[in-house]
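Have a look at the structure below before the remarks.
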Number of protein chains: 6
Amino acid sequence: MEFRIIKSPSAGTLDILKRRMGPGANTELTSVAAVGLVQGRMIEMICAADIAEKAVGVTVEDVRGSCPQNMILIAIFGDTASVEAAIQEIKHKLEEGNYLC
Amino acid sequence: MEFRIIKSPSAGTLDILKRRMGPGANTELTSVAAVGLVQGRMIEMICAADIAEKAVGVTVEDVRGSCPQNMILIAIFGDTASVEAAIQEIKHKLEEGNYLC
Amino acid sequence: MEFRIIKSPSAGTLDILKRRMGPGANTELTSVAAVGLVQGRMIEMICAADIAEKAVGVTVEDVRGSCPQNMILIAIFGDTASVEAAIQEIKHKLEEGNYLC
Amino acid sequence: MEFRIIKSPSAGTLDILKRRMGPGANTELTSVAAVGLVQGRMIEMICAADIAEKAVGVTVEDVRGSCPQNMILIAIFGDTASVEAAIQEIKHKLEEGNYLC
Amino acid sequence: MEFRIIKSPSAGTLDILKRRMGPGANTELTSVAAVGLVQGRMIEMICAADIAEKAVGVTVEDVRGSCPQNMILIAIFGDTASVEAAIQEIKHKLEEGNYLC
Amino acid sequence: MEFRIIKSPSAGTLDILKRRMGPGANTELTSVAAVGLVQGRMIEMICAADIAEKAVGVTVEDVRGSCPQNMILIAIFGDTASVEAAIQEIKHKLEEGNYLC
C-alpha cells in the first residue's frame, strides 16, 4: 500500500482526478483543502475506503480508468487534518488485522 | 487467495462495490450487515462463488471493472456469521481438493 | 494449464459464467450437470477448445471479460462423466504433442 | 514465439476464433482444413503475418480480443501442408534475421 | 519515474499525444515549444501533475489510452526553460518527501 | 526497444496495421515500399516518433489496439532507405541521451 497527500491541490490536478473518477462520483471537488491518495490491491482498497468513509470529515472516491491490474487508487477529500487522520486510520486498522477473517 | 470481511459496511463502500458490479447484479445492497471479499485467480473464484452460493444466508456477486489480469474479486453479502461461514467453506473446500479433476 | 470441475453448479455460478460469456455463446445453461473449467494461455486454450469440441456430450464456451493478459478460460458443459472425459482428453492430447508443428 | 496447428478444426473452435477476429476479418472460415496458430510479441507477429501472407495457399488473420499485453496471436488458415509450410517459413525467416534492421 | 523532453515537437508527435489525451484535455497544442514527459506509477504521477501545475508557464495533461497497468504518463507543455524547471521541481519535491504522509 | 523492417509489405500486413491504427491515422498505405516497426515503452516511443517525424521521406503512425501495458508500437512508412535511416536516427538519438533532461 502506498500513501500520498496533496495539500491545496491545483485545479488541473483535481481535473485529472475528476476525469478518472467517472460520472458516478459524488464529491464536489471545487473547494477541497487536501487530497489523500492510497494505492493498493483491490481487496485492500475496498477495506481502506470503508475505513476512510467511517472517519470524520472526509469523502472517498474510487479513481479508475488507468486499467491498473489489480491495483486501484482511492482519493480521500477533506481538510488536511481530516485526510491525515483518515490515512492513519487506514494504516492502523489494516495492519492490526481488522478486516481479516 | 485473499480474504477480507467488512462489518457494517459504510454507504460509500457499498456504492463503490455497486458501481463495480455492473447492471447485471441481483443483490439488494441497502441493508447488508457484512461483506466478505475474496480475491484470486479467475478459475478459483468461479469455484469460490459456487461454494458460497451453496452456503446458507448469503448472496454472491462478481466485482469487475478493474481490469484485473486473471485475478477477480467476488463479494459475499449477508449477516456476519453467514459471511464468515461461507468464507470458511471456501477455504476448506478449495484446499481439500474438491473441485479438482 | 489449470483444471477445475464444478458438479451441480449453482444458479448464481452459471449466472456469473453467462455474464462473462457474452451474447455470442450458444450453450443453454439451465440444465447443466457439471462445468469443467480450463485456464491457460490463449494459444493452448484454442487447442483445448478444439479437443473438447471433438469429445462426446459436451459443449465448450470461451469465458472472457476479465481482461486476462494472455490467459483465457474455457468452460466445458455436460454431464459429469463427459466433462471429466473431455478434460482428460485435453491433458493427454496437449501433453502428447498433438497440435504441435 | 509459440506454434500450434489444428487439423480439421471443429465448428466451435472456428466459432471462437471468428468471434475474436472482429468484423474486419476477410477469411471465409466454413471450409478450412487446418489452422496454424502463432503467438508472440506484437512486433514479431506483424512480421510473421507478412511472411505467412507471402506464402502460398494460406490466409492470415489477427486474433484479438483477449487483451494480451504485448502478445498477440495470428491464425493461418489453409490446407494442412500449406499451413505447415507457412509456419516453417516464419520460423526460418525470423530466426535468420530477415526483417531485422 | 522516467523523464524525457522533446524540444520543438513535430506536428505528428503532437498529434499522437493529442489522440491519446482524449476530448477532456484543455491544452492548445499548436504552438508548443517543448514537451516534457514523465512516466511513473499512478499515485506518483498525480502528485507530479500537481507539482508541475503549480510551476510557472506550463500546462499539464494526462496521456492515457495505452492501458498502462499502473503506470501513467503525463505531458508538460510550455517553453523549454519552463518545462525543464517543472521537471526539476517534480524530481526534487517527490524525492524530498513532500507529498508523503 | 526493438526494431524490425518489412520490405514490400503484403496487402494483408498493411491491413492488420491499418485496423490497429484507428480512424485518426493519416498515412495512405496503398503504395508503401517498406514499414519500420519500433516497439518500446510509451515514453520512449513518443520520442522515437518525434525523431522519425523529423527524418526525411517517412510518415509515422501509432499502432494501438493490443492493450500493451506500457509498451507501444510505432510504424514508420516510406521507401526502404528512408525507413532504415529513420530507424538509425532513433537508435542514435535515444542512446546519445538527446531527449533526456
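By order in the C-alpha cells, chains are A, B, ...; within a chain, residues start at 1; ligands start at 1, following the order shown.
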
Every residue of chain D that DSSP places in strand (DSSP E), as a PyMOL selection string: chain D and resi 2-7+34-41+58-63+71-78

Non-local contacts of Gly12 (chain F) (10 Å; only C-alpha atoms; under 2 positions in same chain excluded) as a list of chain:residue names: D:Asn26, D:Ile46, D:Ala49, D:Asp50, D:Ala52, D:Glu53, D:Lys54, D:Thr59, D:Val60, D:Glu61, D:Asp62, F:Pro9, F:Ser10, F:Leu14, F:Asp15, F:Ile16, F:Leu17, F:Lys18

Let's have the selection written as a compact mmCIF listing (two decimals), in the first residue's frame, with all heavy atoms.
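New file again.txt:
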# COMPACT_ATOMS: atom_id res chain seq x y z
N ASN D 26 -11.32 -11.07 -43.16
CA ASN D 26 -11.74 -11.37 -44.52
C ASN D 26 -11.87 -12.86 -44.81
O ASN D 26 -12.46 -13.24 -45.81
CB ASN D 26 -10.71 -10.80 -45.51
CG ASN D 26 -10.58 -9.29 -45.33
OD1 ASN D 26 -11.59 -8.60 -45.26
ND2 ASN D 26 -9.36 -8.80 -45.24
N ILE D 46 3.60 -9.14 -36.45
CA ILE D 46 3.32 -8.41 -37.69
C ILE D 46 4.25 -8.91 -38.79
O ILE D 46 3.84 -9.11 -39.93
CB ILE D 46 3.39 -6.90 -37.45
CG1 ILE D 46 2.20 -6.50 -36.55
CG2 ILE D 46 3.34 -6.13 -38.77
CD1 ILE D 46 2.23 -5.08 -36.08
N ALA D 49 2.99 -12.37 -39.78
CA ALA D 49 1.84 -12.26 -40.66
C ALA D 49 2.29 -11.96 -42.08
O ALA D 49 1.76 -12.51 -43.05
CB ALA D 49 0.90 -11.16 -40.16
N ASP D 50 3.29 -11.12 -42.21
CA ASP D 50 3.79 -10.77 -43.54
C ASP D 50 4.41 -11.98 -44.24
O ASP D 50 4.18 -12.21 -45.42
CB ASP D 50 4.81 -9.64 -43.41
CG ASP D 50 5.20 -9.08 -44.78
OD1 ASP D 50 4.31 -8.51 -45.44
OD2 ASP D 50 6.36 -9.24 -45.19
N ALA D 52 3.72 -15.16 -43.66
CA ALA D 52 2.65 -16.10 -44.00
C ALA D 52 1.84 -15.61 -45.19
O ALA D 52 1.50 -16.38 -46.09
CB ALA D 52 1.76 -16.34 -42.79
N GLU D 53 1.57 -14.31 -45.21
CA GLU D 53 0.83 -13.72 -46.34
C GLU D 53 1.53 -13.96 -47.67
O GLU D 53 0.89 -14.07 -48.72
CB GLU D 53 0.74 -12.19 -46.14
CG GLU D 53 -0.35 -11.73 -45.23
CD GLU D 53 -1.69 -11.65 -45.94
OE1 GLU D 53 -1.69 -11.48 -47.17
OE2 GLU D 53 -2.71 -11.76 -45.27
N LYS D 54 2.88 -13.97 -47.63
CA LYS D 54 3.65 -14.16 -48.87
C LYS D 54 3.82 -15.64 -49.20
O LYS D 54 4.33 -15.97 -50.27
CB LYS D 54 5.00 -13.46 -48.74
CG LYS D 54 4.88 -11.93 -48.74
CD LYS D 54 6.18 -11.23 -48.40
CE LYS D 54 6.03 -9.71 -48.48
NZ LYS D 54 7.12 -8.99 -47.79
N THR D 59 -4.37 -17.91 -45.78
CA THR D 59 -4.75 -16.55 -45.43
C THR D 59 -4.46 -16.36 -43.95
O THR D 59 -4.41 -17.32 -43.18
CB THR D 59 -6.25 -16.27 -45.69
OG1 THR D 59 -7.00 -17.19 -44.91
CG2 THR D 59 -6.60 -16.43 -47.15
N VAL D 60 -4.27 -15.10 -43.54
CA VAL D 60 -3.82 -14.80 -42.19
C VAL D 60 -4.79 -13.85 -41.53
O VAL D 60 -5.25 -12.91 -42.16
CB VAL D 60 -2.42 -14.14 -42.23
CG1 VAL D 60 -1.89 -13.91 -40.83
CG2 VAL D 60 -1.45 -15.00 -43.02
N GLU D 61 -5.09 -14.10 -40.27
CA GLU D 61 -5.94 -13.17 -39.52
C GLU D 61 -5.31 -12.89 -38.16
O GLU D 61 -4.61 -13.74 -37.60
CB GLU D 61 -7.35 -13.73 -39.33
CG GLU D 61 -8.13 -13.95 -40.60
CD GLU D 61 -8.55 -12.67 -41.31
OE1 GLU D 61 -8.52 -11.59 -40.68
OE2 GLU D 61 -8.92 -12.75 -42.49
N ASP D 62 -5.62 -11.76 -37.66
CA ASP D 62 -5.14 -11.22 -36.40
C ASP D 62 -6.22 -11.54 -35.36
O ASP D 62 -7.36 -11.11 -35.49
CB ASP D 62 -5.03 -9.71 -36.66
CG ASP D 62 -4.51 -8.89 -35.53
OD1 ASP D 62 -4.00 -9.44 -34.57
OD2 ASP D 62 -4.65 -7.65 -35.64
N PRO F 9 5.73 -4.78 -47.91
CA PRO F 9 4.73 -5.45 -47.07
C PRO F 9 3.55 -5.93 -47.90
O PRO F 9 3.12 -5.25 -48.83
CB PRO F 9 4.31 -4.36 -46.09
CG PRO F 9 4.70 -3.08 -46.73
CD PRO F 9 5.92 -3.38 -47.53
N SER F 10 3.04 -7.09 -47.54
CA SER F 10 1.87 -7.63 -48.25
C SER F 10 0.63 -6.81 -47.91
O SER F 10 0.58 -6.12 -46.88
CB SER F 10 1.64 -9.08 -47.83
OG SER F 10 1.25 -9.10 -46.48
N LEU F 14 -0.46 -4.81 -44.30
CA LEU F 14 -0.88 -3.40 -44.19
C LEU F 14 -2.28 -3.31 -43.61
O LEU F 14 -2.60 -2.38 -42.87
CB LEU F 14 -0.80 -2.73 -45.58
CG LEU F 14 0.63 -2.57 -46.12
CD1 LEU F 14 0.60 -2.04 -47.55
CD2 LEU F 14 1.46 -1.63 -45.23
N ASP F 15 -3.10 -4.28 -43.95
CA ASP F 15 -4.46 -4.33 -43.43
C ASP F 15 -4.47 -4.50 -41.91
O ASP F 15 -5.25 -3.84 -41.21
CB ASP F 15 -5.15 -5.55 -44.06
CG ASP F 15 -6.51 -5.18 -44.57
OD1 ASP F 15 -6.59 -4.28 -45.43
OD2 ASP F 15 -7.49 -5.77 -44.08
N ILE F 16 -3.65 -5.40 -41.41
CA ILE F 16 -3.56 -5.60 -39.96
C ILE F 16 -3.10 -4.30 -39.29
O ILE F 16 -3.68 -3.87 -38.29
CB ILE F 16 -2.60 -6.77 -39.62
CG1 ILE F 16 -3.26 -8.10 -40.00
CG2 ILE F 16 -2.20 -6.77 -38.15
CD1 ILE F 16 -2.38 -9.33 -39.78
N LEU F 17 -2.09 -3.67 -39.86
CA LEU F 17 -1.62 -2.40 -39.28
C LEU F 17 -2.72 -1.35 -39.35
O LEU F 17 -2.95 -0.64 -38.38
CB LEU F 17 -0.38 -1.90 -40.04
CG LEU F 17 0.91 -2.66 -39.75
CD1 LEU F 17 2.01 -2.21 -40.70
CD2 LEU F 17 1.35 -2.42 -38.30
N LYS F 18 -3.40 -1.27 -40.49
CA LYS F 18 -4.41 -0.23 -40.66
C LYS F 18 -5.53 -0.40 -39.64
O LYS F 18 -5.98 0.57 -39.02
CB LYS F 18 -4.99 -0.30 -42.09
CG LYS F 18 -5.53 1.04 -42.58
CD LYS F 18 -6.26 0.89 -43.92
CE LYS F 18 -5.36 0.33 -45.01
NZ LYS F 18 -6.06 0.19 -46.30

Filtered DSSP result for region 16-98 of chain A, state alpha helix (DSSP H), as a PyMOL selection string: chain A and resi 16-21+42-54+80-95

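Neighbouring residues of region 35-42 of chain A at 7 Å or closer, counting only C-alpha atoms and skipping chain neighbours under 3 positions away, are A:Met1, A:Glu2, A:Phe3, A:Arg4, A:Ile5, A:Ile6, A:Lys7, A:Met45, A:Ile46, A:Asn70, A:Met71, A:Ile72, A:Leu73, A:Ile74, A:Ala75, A:Ile76, A:Phe77, A:Gly78, A:Val83, E:Ile43.
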